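See below for data-v9.txt, which holds compact mmCIF, C-alpha atoms.
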```txt
# COMPACT_ATOMS: atom_id res chain seq x y z
CA MET A 20 -10.64 -30.45 -20.10
CA SER A 21 -10.71 -32.81 -17.14
CA ASP A 22 -10.45 -31.93 -13.50
CA LYS A 23 -7.05 -33.63 -13.42
CA ASP A 24 -5.82 -31.55 -16.38
CA LEU A 25 -6.81 -28.29 -14.66
CA LEU A 26 -5.08 -29.31 -11.45
CA GLN A 27 -1.96 -30.17 -13.44
CA MET A 28 -2.15 -26.85 -15.26
CA PHE A 29 -2.41 -24.97 -11.95
CA LYS A 30 0.64 -26.86 -10.70
CA VAL A 31 2.73 -26.08 -13.80
CA VAL A 32 1.73 -22.40 -13.90
CA ALA A 33 2.20 -21.93 -10.13
CA GLU A 34 5.66 -23.51 -10.30
CA ARG A 35 6.56 -21.22 -13.20
CA VAL A 36 5.31 -18.11 -11.40
CA ASP A 37 6.56 -18.84 -7.87
CA LYS A 38 9.71 -20.79 -8.82
CA LYS A 39 9.06 -23.58 -6.31
CA SER A 40 7.55 -27.05 -6.27
CA PHE A 41 3.83 -27.62 -5.74
CA ALA A 42 4.00 -31.40 -5.75
CA ASP A 43 1.22 -32.28 -3.32
CA ILE A 44 -1.61 -29.97 -4.27
CA THR A 45 -5.21 -31.12 -4.38
CA ARG A 46 -8.47 -29.30 -5.11
CA ASP A 47 -8.81 -28.75 -1.37
CA SER A 48 -5.44 -27.02 -1.02
CA VAL A 49 -5.90 -23.50 0.37
CA ILE A 50 -3.91 -21.21 -1.91
CA THR A 51 -2.49 -19.01 0.86
CA ASP A 52 -1.37 -22.15 2.73
CA LEU A 53 0.75 -22.99 -0.32
CA GLY A 54 2.69 -19.78 0.29
CA VAL A 55 1.24 -18.08 -2.78
CA ASP A 56 0.87 -14.34 -2.14
CA SER A 57 -1.76 -12.01 -3.63
CA LEU A 58 0.33 -10.88 -6.54
CA SER A 59 1.47 -14.38 -7.51
CA MET A 60 -2.13 -15.49 -7.26
CA MET A 61 -3.16 -12.77 -9.73
CA GLN A 62 -0.35 -13.88 -12.05
CA ILE A 63 -1.36 -17.55 -11.85
CA VAL A 64 -4.99 -16.69 -12.63
CA GLY A 65 -3.93 -14.41 -15.48
CA GLU A 66 -1.59 -17.02 -17.00
CA MET A 67 -4.30 -19.70 -16.86
CA GLU A 68 -6.83 -17.31 -18.41
CA THR A 69 -4.40 -16.56 -21.24
CA GLU A 70 -3.63 -20.22 -21.90
CA LEU A 71 -7.30 -21.17 -21.92
CA ASP A 72 -8.46 -18.01 -23.70
CA LEU A 73 -11.09 -17.08 -21.14
CA GLN A 74 -11.62 -14.41 -18.48
CA ILE A 75 -12.87 -14.82 -14.94
CA PRO A 76 -14.85 -11.71 -13.90
CA ASP A 77 -12.97 -9.53 -11.38
CA GLU A 78 -15.73 -9.89 -8.80
CA ASP A 79 -15.30 -13.69 -8.84
CA LEU A 80 -11.60 -13.49 -8.00
CA VAL A 81 -12.18 -12.67 -4.35
CA GLU A 82 -14.22 -15.86 -3.93
CA ILE A 83 -11.21 -18.05 -4.76
CA VAL A 84 -9.81 -19.61 -1.59
CA THR A 85 -8.78 -23.11 -2.67
CA VAL A 86 -7.25 -24.51 -5.85
CA GLY A 87 -10.62 -26.19 -6.41
CA ASP A 88 -12.41 -22.80 -6.28
CA LEU A 89 -10.20 -21.57 -9.11
CA CYS A 90 -10.74 -24.78 -11.10
CA SER A 91 -14.52 -24.44 -10.64
CA LYS A 92 -14.47 -20.84 -11.90
CA ILE A 93 -12.54 -21.98 -14.98
CA GLU A 94 -14.78 -25.00 -15.52
CA SER A 95 -17.88 -22.82 -15.46
CA ARG A 96 -16.33 -20.47 -18.07
CA LEU A 97 -15.24 -23.42 -20.24
CA GLY A 98 -18.73 -24.85 -20.06
CA ALA A 99 -20.45 -21.54 -20.80
CA MET B 220 14.35 27.00 -22.36
CA PRO B 221 12.08 24.87 -24.62
CA ARG B 222 8.49 24.84 -23.42
CA ASN B 223 6.82 22.17 -25.52
CA THR B 224 8.56 19.18 -23.98
CA PRO B 225 7.08 16.01 -22.45
CA ARG B 226 8.52 17.01 -19.08
CA ARG B 227 6.86 20.44 -19.24
CA ARG B 228 3.54 18.85 -20.26
CA ILE B 229 3.74 16.48 -17.30
CA GLU B 230 4.73 19.25 -14.90
CA GLU B 231 1.80 21.44 -15.93
CA GLN B 232 -0.64 18.57 -15.41
CA LEU B 233 0.88 17.59 -12.08
CA TYR B 234 0.77 21.18 -10.89
CA ALA B 235 -2.98 21.20 -11.67
CA THR B 236 -3.38 17.85 -9.92
CA TYR B 237 -1.59 19.16 -6.85
CA MET B 238 -3.61 22.39 -6.74
CA GLU B 239 -6.83 20.38 -6.87
CA PHE B 240 -5.56 18.12 -4.06
CA PHE B 241 -4.35 21.08 -1.99
CA GLU B 242 -7.55 23.08 -2.40
CA ARG B 243 -9.60 20.15 -1.12
CA ALA B 244 -7.15 19.59 1.72
CA GLU B 245 -7.36 23.25 2.76
CA ARG B 246 -11.12 23.61 2.38
CA GLU B 247 -12.41 20.19 3.48
CA ARG B 248 -9.83 18.07 5.21
CA ARG B 249 -7.85 20.16 7.71
CA TRP B 250 -8.07 19.08 11.35
CA SER B 251 -6.35 20.22 14.51
CA VAL B 252 -4.65 18.07 17.13
CA PHE B 253 -5.72 20.72 19.69
CA ASP B 254 -9.30 21.51 18.73
CA ASP B 255 -10.79 18.53 16.94
CA ILE B 256 -9.87 15.48 19.04
CA PRO B 257 -12.17 14.61 21.97
CA TRP B 258 -9.29 13.95 24.38
CA ASP B 259 -11.59 13.52 27.39
CA GLU B 260 -13.24 10.57 25.62
CA ALA B 261 -10.09 8.42 25.68
CA ASN B 262 -10.92 5.19 27.50
CA PRO B 263 -8.34 4.27 30.19
CA GLU B 264 -10.01 0.84 30.39
CA ALA B 265 -9.36 0.06 26.72
CA SER B 266 -7.34 -3.12 26.17
CA ASP B 267 -3.55 -3.31 26.17
CA ASP B 268 -3.74 -4.64 22.61
CA LEU B 269 -5.46 -1.44 21.48
CA ALA B 270 -2.60 0.54 23.03
CA LEU B 271 0.00 -1.73 21.46
CA CYS B 272 -1.54 -1.17 18.03
CA ALA B 273 -1.59 2.61 18.50
CA GLU B 274 2.02 2.49 19.68
CA THR B 275 3.03 0.44 16.63
CA PHE B 276 1.37 2.90 14.25
CA ALA B 277 2.94 5.82 16.11
CA SER B 278 6.31 4.08 15.80
CA VAL B 279 6.00 3.70 12.05
CA GLU B 280 4.76 7.30 11.68
CA MET B 281 7.68 8.49 13.80
CA PHE B 282 10.16 7.97 10.97
CA LEU B 283 8.69 11.09 9.38
CA PRO B 284 12.08 12.85 9.15
CA ASP B 285 13.37 9.99 6.96
CA TYR B 286 10.19 9.75 4.88
CA THR B 287 10.15 13.49 4.27
CA ALA B 288 13.85 13.84 3.49
CA GLY B 289 13.94 10.72 1.28
CA GLY B 290 10.69 11.52 -0.48
CA LEU B 291 11.56 15.16 -1.11
CA ASN B 292 15.01 14.38 -2.48
CA VAL B 293 13.56 12.04 -5.09
CA VAL B 294 11.05 14.63 -6.38
CA ARG B 295 12.76 17.94 -5.53
CA ASP B 296 12.89 19.19 -9.13
CA TYR B 297 9.28 18.26 -9.93
CA PHE B 298 7.25 21.21 -8.62
CA GLY B 299 3.78 19.68 -8.09
CA ARG B 300 5.16 16.51 -6.52
CA ALA B 301 7.69 18.35 -4.33
CA TRP B 302 5.00 20.65 -2.95
CA PHE B 303 2.77 17.65 -2.37
CA GLN B 304 5.60 16.02 -0.42
CA ALA B 305 5.95 19.10 1.78
CA ASN B 306 2.20 19.14 2.50
CA TRP B 307 2.28 15.37 3.02
CA GLY B 308 4.94 15.85 5.68
CA TYR B 309 2.76 18.36 7.54
CA GLU B 310 -0.26 16.06 7.47
CA GLU B 311 1.73 12.98 8.50
CA SER B 312 3.36 14.90 11.34
CA LYS B 313 -0.06 15.21 12.98
CA HIS B 314 -0.58 11.44 12.81
CA SER B 315 2.31 10.49 15.12
CA LEU B 316 1.58 13.51 17.36
CA ALA B 317 -2.07 12.53 17.82
CA LEU B 318 -1.29 8.84 18.42
CA GLY B 319 1.51 9.69 20.85
CA GLU B 320 -0.72 12.11 22.75
CA TRP B 321 -3.41 9.45 22.98
CA LEU B 322 -0.93 6.94 24.44
CA VAL B 323 0.03 9.41 27.18
CA ARG B 324 -3.36 11.04 27.84
CA SER B 325 -5.15 7.67 28.02
CA GLY B 326 -2.62 6.58 30.65
CA LYS B 327 -1.50 3.63 28.52
CA ARG B 328 2.06 4.94 28.39
CA SER B 329 3.98 7.48 30.49
CA LYS B 330 5.69 10.51 29.00
CA ASP B 331 9.01 8.78 29.68
CA ASP B 332 7.85 5.70 27.76
CA TRP B 333 6.96 7.92 24.82
CA PHE B 334 10.31 9.72 24.77
CA ASP B 335 12.18 6.43 25.27
CA LEU B 336 10.38 5.01 22.26
CA GLN B 337 11.29 8.01 20.09
CA GLU B 338 14.94 7.85 21.09
CA ASN B 339 15.24 4.10 20.75
CA LEU B 340 13.60 3.98 17.34
CA LEU B 341 15.24 6.89 15.60
CA GLN B 342 18.70 6.28 16.94
CA ALA B 343 18.66 2.59 16.09
CA ARG B 344 17.15 2.62 12.63
CA GLN B 345 16.71 4.74 9.56
CA TRP B 346 14.22 4.46 6.72
CA LYS B 347 15.66 4.49 3.23
CA PRO B 348 13.49 4.96 0.12
CA PRO B 349 12.74 1.47 -1.22
CA PHE B 350 12.85 2.66 -4.84
CA THR B 351 15.10 5.04 -6.71
CA THR B 352 13.00 7.09 -9.15
CA ALA B 353 10.19 9.58 -8.66
CA ARG B 354 7.83 7.41 -10.72
CA GLN B 355 8.58 4.25 -8.76
CA MET B 356 8.19 6.10 -5.46
CA THR B 357 4.85 7.46 -6.66
CA ALA B 358 3.71 3.91 -7.48
CA TYR B 359 4.91 2.80 -4.04
CA GLY B 360 3.04 5.65 -2.35
CA MET B 361 -0.12 4.81 -4.28
CA VAL B 362 -0.22 1.24 -2.93
CA GLN B 363 1.21 1.92 0.52
CA GLU B 364 -1.16 4.79 1.33
CA GLN B 365 -4.18 2.81 0.16
CA ALA B 366 -3.14 -0.13 2.36
CA THR B 367 -2.53 2.19 5.31
CA PHE B 368 -5.95 3.78 4.79
CA LEU B 369 -7.62 0.36 4.99
CA ILE B 370 -5.67 -0.61 8.10
CA TYR B 371 -6.66 2.62 9.91
CA VAL B 372 -10.31 2.12 8.97
CA LYS B 373 -10.20 -1.32 10.59
CA HIS B 374 -8.66 0.14 13.73
CA ARG B 375 -11.17 2.97 13.83
CA GLU B 376 -13.87 0.31 14.22
CA ARG B 377 -11.80 -1.56 16.79
CA ALA B 378 -11.37 1.60 18.88
CA ARG B 379 -15.09 2.31 18.58
CA ASN B 380 -15.88 -1.22 19.79
CA GLU B 381 -13.68 -0.60 22.82
CA ASN B 382 -15.59 2.62 23.61
CA ASP B 383 -12.67 4.89 22.89
CA ALA B 384 -14.24 7.74 20.94
CA CYS B 385 -10.98 9.68 21.11
CA LEU B 386 -8.80 7.08 19.40
CA SER B 387 -11.60 6.29 16.97
CA LYS B 388 -11.70 9.96 15.94
CA ILE B 389 -7.91 10.06 15.53
CA TYR B 390 -8.02 7.01 13.24
CA ASP B 391 -10.88 8.60 11.35
CA TYR B 392 -8.85 11.74 10.54
CA VAL B 393 -5.70 9.77 9.80
CA ALA B 394 -7.52 7.33 7.48
CA ARG B 395 -9.08 10.25 5.61
CA ASP B 396 -5.66 11.80 5.07
CA GLU B 397 -4.15 8.51 3.87
CA ARG B 398 -7.00 8.00 1.41
CA ALA B 399 -6.46 11.49 -0.02
CA HIS B 400 -2.72 10.82 -0.37
CA SER B 401 -3.34 7.57 -2.24
CA LYS B 402 -5.82 9.34 -4.52
CA PHE B 403 -3.23 12.02 -5.34
CA TYR B 404 -0.63 9.37 -6.19
CA GLN B 405 -3.18 7.57 -8.38
CA ASP B 406 -3.94 10.83 -10.21
CA VAL B 407 -0.21 11.37 -10.77
CA MET B 408 0.17 7.85 -12.11
CA LYS B 409 -2.66 8.52 -14.57
CA VAL B 410 -0.76 11.49 -15.97
CA LEU B 411 2.46 9.45 -16.17
CA LEU B 412 0.64 6.57 -17.89
CA ALA B 413 -0.74 8.94 -20.50
CA GLU B 414 2.78 10.17 -21.28
CA ASP B 415 4.65 6.82 -21.17
CA ARG B 416 2.32 3.87 -20.71
CA GLU B 417 4.85 1.06 -21.13
CA GLY B 418 7.51 2.55 -18.87
CA THR B 419 4.99 3.48 -16.18
CA LEU B 420 3.42 0.00 -16.21
CA THR B 421 6.88 -1.54 -15.91
CA ASP B 422 7.55 0.63 -12.86
CA ILE B 423 4.21 -0.28 -11.25
CA ALA B 424 4.95 -3.96 -11.83
CA HIS B 425 8.45 -3.60 -10.38
CA VAL B 426 7.07 -1.86 -7.28
CA LEU B 427 4.33 -4.45 -6.78
CA ALA B 428 6.83 -7.30 -7.09
CA ASN B 429 9.10 -5.76 -4.44
CA PHE B 430 6.51 -4.12 -2.20
CA LYS B 431 6.55 -4.27 1.57
CA MET B 432 5.07 -1.99 4.21
CA PRO B 433 7.61 0.39 5.84
CA GLY B 434 7.09 -0.90 9.39
CA VAL B 435 8.55 -4.30 8.55
CA ASP B 436 12.11 -3.02 8.68
CA LEU B 437 11.64 -0.19 11.17
CA VAL B 438 9.84 -1.43 14.26
CA PRO B 439 12.13 -3.93 16.06
CA ASP B 440 9.52 -6.49 17.17
CA TYR B 441 7.13 -5.84 14.27
CA ASP B 442 6.27 -9.52 13.64
CA ASP B 443 5.30 -10.07 17.30
CA ARG B 444 3.22 -6.91 17.25
CA ILE B 445 1.45 -7.93 14.05
CA LEU B 446 0.33 -11.15 15.75
CA LYS B 447 -1.45 -9.07 18.39
CA MET B 448 -2.87 -6.67 15.85
CA ARG B 449 -5.16 -9.42 14.54
CA ASP B 450 -7.14 -7.70 11.83
CA ALA B 451 -4.51 -5.05 11.15
CA GLY B 452 -2.97 -6.83 8.20
CA ILE B 453 -4.13 -6.78 4.64
CA ASP B 454 -5.05 -10.33 3.67
CA ARG B 455 -5.14 -11.60 0.09
CA ASN B 456 -8.81 -10.90 -0.43
CA VAL B 457 -8.58 -7.36 0.88
CA PHE B 458 -5.48 -6.69 -1.21
CA ILE B 459 -7.18 -7.90 -4.38
CA ARG B 460 -10.63 -6.45 -3.69
CA LYS B 461 -9.71 -3.10 -2.15
CA ILE B 462 -6.28 -2.27 -3.51
CA TYR B 463 -5.19 -4.16 -6.64
CA LEU B 464 -8.42 -4.22 -8.65
CA PRO B 465 -9.78 -0.75 -7.73
CA VAL B 466 -6.42 0.92 -8.34
CA LEU B 467 -6.02 -0.76 -11.74
CA LYS B 468 -9.60 0.19 -12.63
CA TYR B 469 -9.02 3.83 -11.65
CA LEU B 470 -5.83 3.91 -13.72
CA GLY B 471 -7.59 2.35 -16.72
CA VAL B 472 -5.27 -0.66 -16.76
CA SER B 473 -6.66 -4.15 -17.35
CA ARG B 474 -5.50 -7.15 -15.33
CA HIS B 475 -3.96 -8.68 -18.42
CA GLU B 476 -2.08 -5.53 -19.35
CA MET B 477 -0.69 -5.50 -15.81
CA LEU B 478 0.14 -9.18 -16.08
CA ALA B 479 2.20 -8.57 -19.22
CA ALA B 480 4.08 -5.79 -17.41
CA GLN B 481 4.63 -8.07 -14.42
CA ARG B 482 6.14 -10.73 -16.72
CA LYS B 483 8.53 -8.15 -18.18
CA ALA B 484 9.48 -6.86 -14.72
CA ILE B 485 10.25 -10.38 -13.50
CA GLU B 486 12.33 -11.14 -16.61
CA ALA B 487 14.23 -7.87 -16.19
CA GLN B 488 14.89 -8.67 -12.53
CA GLN B 489 16.12 -12.18 -13.41
CA LYS B 490 18.40 -10.79 -16.09
CA ALA B 491 19.82 -8.21 -13.66
CA THR B 492 20.49 -10.98 -11.11
CA GLU B 493 22.17 -13.15 -13.75
CA ASP B 494 24.28 -10.23 -14.98
CA ALA B 495 25.35 -9.46 -11.42
CA THR B 496 26.27 -13.12 -10.88
CA HIS B 497 28.30 -13.23 -14.10
CA ALA B 498 30.04 -9.99 -13.19
CA ALA B 499 30.97 -11.41 -9.79
CA GLU B 500 32.42 -14.61 -11.32
```
Show this structure as structure tokens.
Amino acid sequence: MSDKDLLQMFKVVAERVDKKSFADITRDSVITDLGVDSLSMMQIVGEMETELDLQIPDEDLVEIVTVGDLCSKIESRLGA
Amino acid sequence: MPRNTPRRRIEEQLYATYMEFFERAERERRWSVFDDIPWDEANPEASDDLALCAETFASVEMFLPDYTAGGLNVVRDYFGRAWFQANWGYEESKHSLALGEWLVRSGKRSKDDWFDLQENLLQARQWKPPFTTARQMTAYGMVQEQATFLIYVKHRERARNENDACLSKIYDYVARDERAHSKFYQDVMKVLLAEDREGTLTDIAHVLANFKMPGVDLVPDYDDRILKMRDAGIDRNVFIRKIYLPVLKYLGVSRHEMLAAQRKAIEAQQKATEDATHAAE
């Protein structure tokens, strides 16, 4: 799965969870700056985990600040 | 009256949970506003921001009559939870007393300021329970008390850094109480989960989706105050690391189980909104 695919997946899932547009996101986008609160963030992560059939360890979740951080966590699980 | 009912089973377990909580409160956690606070160690030179924070907390705690009345009414026919609520009211009453006394004794506010604040707040606004059932209010208490505990711990350090041993001690006692309250609510939720896992998870999800701290609607200039309270808020990381994940772990609920409940809660909320819209048309 390419970097672009993951970014697109984040966008689709975030729009589904938060019911608003995330048109201009990049890997550098800070998730809180996008107006995504803690609970939505947990939902987005959970939805992406379900779709990709993987699980990010709980202790890694607090390290996620940007969209890119989340993509990296997923990439490392996909590559494992 | 039938004895072997789910309600009776729950009540017996909650009574035991309350007795355990109350025994620890009586034996290990009691403190006195008169004997245990080092009032002469209040620092008159502490910053105005420190006073503003204490005043904000005192303001939120001041709605105790509403919290107690609202909370008790929801659980009045559940013995263990009703008695907890009564004890909770006693413990919380000391929080606003201690913070108010600090404001006056430190010279940060006059007695008139303190009474003006009480009158202005309670006459202008009233707290209403944000949820309607005992189980939802328990879920709310579980999250709210844990968040409040973390906020007071932060302010205990802030008071310590400003050389106010008195306020630091007050926050220490208050934080300890809030932690114990959250733990009780978590223990209650465990019992409720064991009896009706799906329904209880749905209620937790509903509460999380609609959660806000009580001060938001009660203290008139809350947003301005929050700006000056700097570290007082619970940011995303703290919420996930110190509230969401530990609470789920204690309850024995996985993130994905909670996620499924959240999905259902959101769908139910959307359906209710749609139904209301159709009914209005």
_Distance query range 258-261 of chain B at most 7 Å, only C-alpha atoms, self and fewer than 6 positions along chain excluded, as a ChimeraX atom specification_ = /B:325,383-386
*Counting only C-alpha atoms, write as a VMD selection string all protein and nucleic acid residues lying at most 12 Å from (-1.7, -20.7, -19.6) in the file's frame.*
chain A and resid 25 27 to 33 35 to 36 62 to 74 93
*asked:* Quick one: residues within 6 Å of range 297-312 of chain B, all atoms listed in the file, excluding same-chain residues fewer than 5 positions away - as a list in words?
replied: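 Close residues of range 297-312 of chain B: Leu233, Tyr234, Tyr237, Thr287 and Leu291 of chain B.
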*asked:* Please identify all residues of chain A having at least one atom at most 9 Å from any atom of chain B, considering all atoms listed in the file, and return them as JSON, numbers by chain.
replied: {"A": [51, 56, 57, 58, 59, 60, 61, 62, 65, 66, 69, 77, 78, 80, 81, 82, 83, 84]}
*Around the point (17.2, 3.9, 9.0), in the coordinates given by the file, pick out the residues reaching within 12 Å, counting all atoms listed in the file, and return them as a VMD selection string.*
chain B and resid 279 281 to 286 288 to 289 339 to 349 433 to 439
*Using CA of Cys90 in chain A and CA of Ser473 in chain B as the two end points, give the distance in Å to one decimal.*
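Answer for the CA of Cys90 in chain A to CA of Ser473 in chain B separation: 21.9 Å.
Taking CA of Arg395 in chain B and CA of Thr421 in chain B as endpoints, the distance between them is 29.3 Å.
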For range 320-325 of chain B, I'd like the enclosing box, axis-aligned and padded by 3 Å on every side, reported as AutoDock Vina command-line options with centre and edge lengths in Å to one decimal.
```
--center_x -2.6 --center_y 9.5 --center_z 25.4 --size_x 11.2 --size_y 11.2 --size_z 11.3
```
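Here CA of Ala487 in chain B and CA of Leu53 in chain A stand 25.7 Å from one another.
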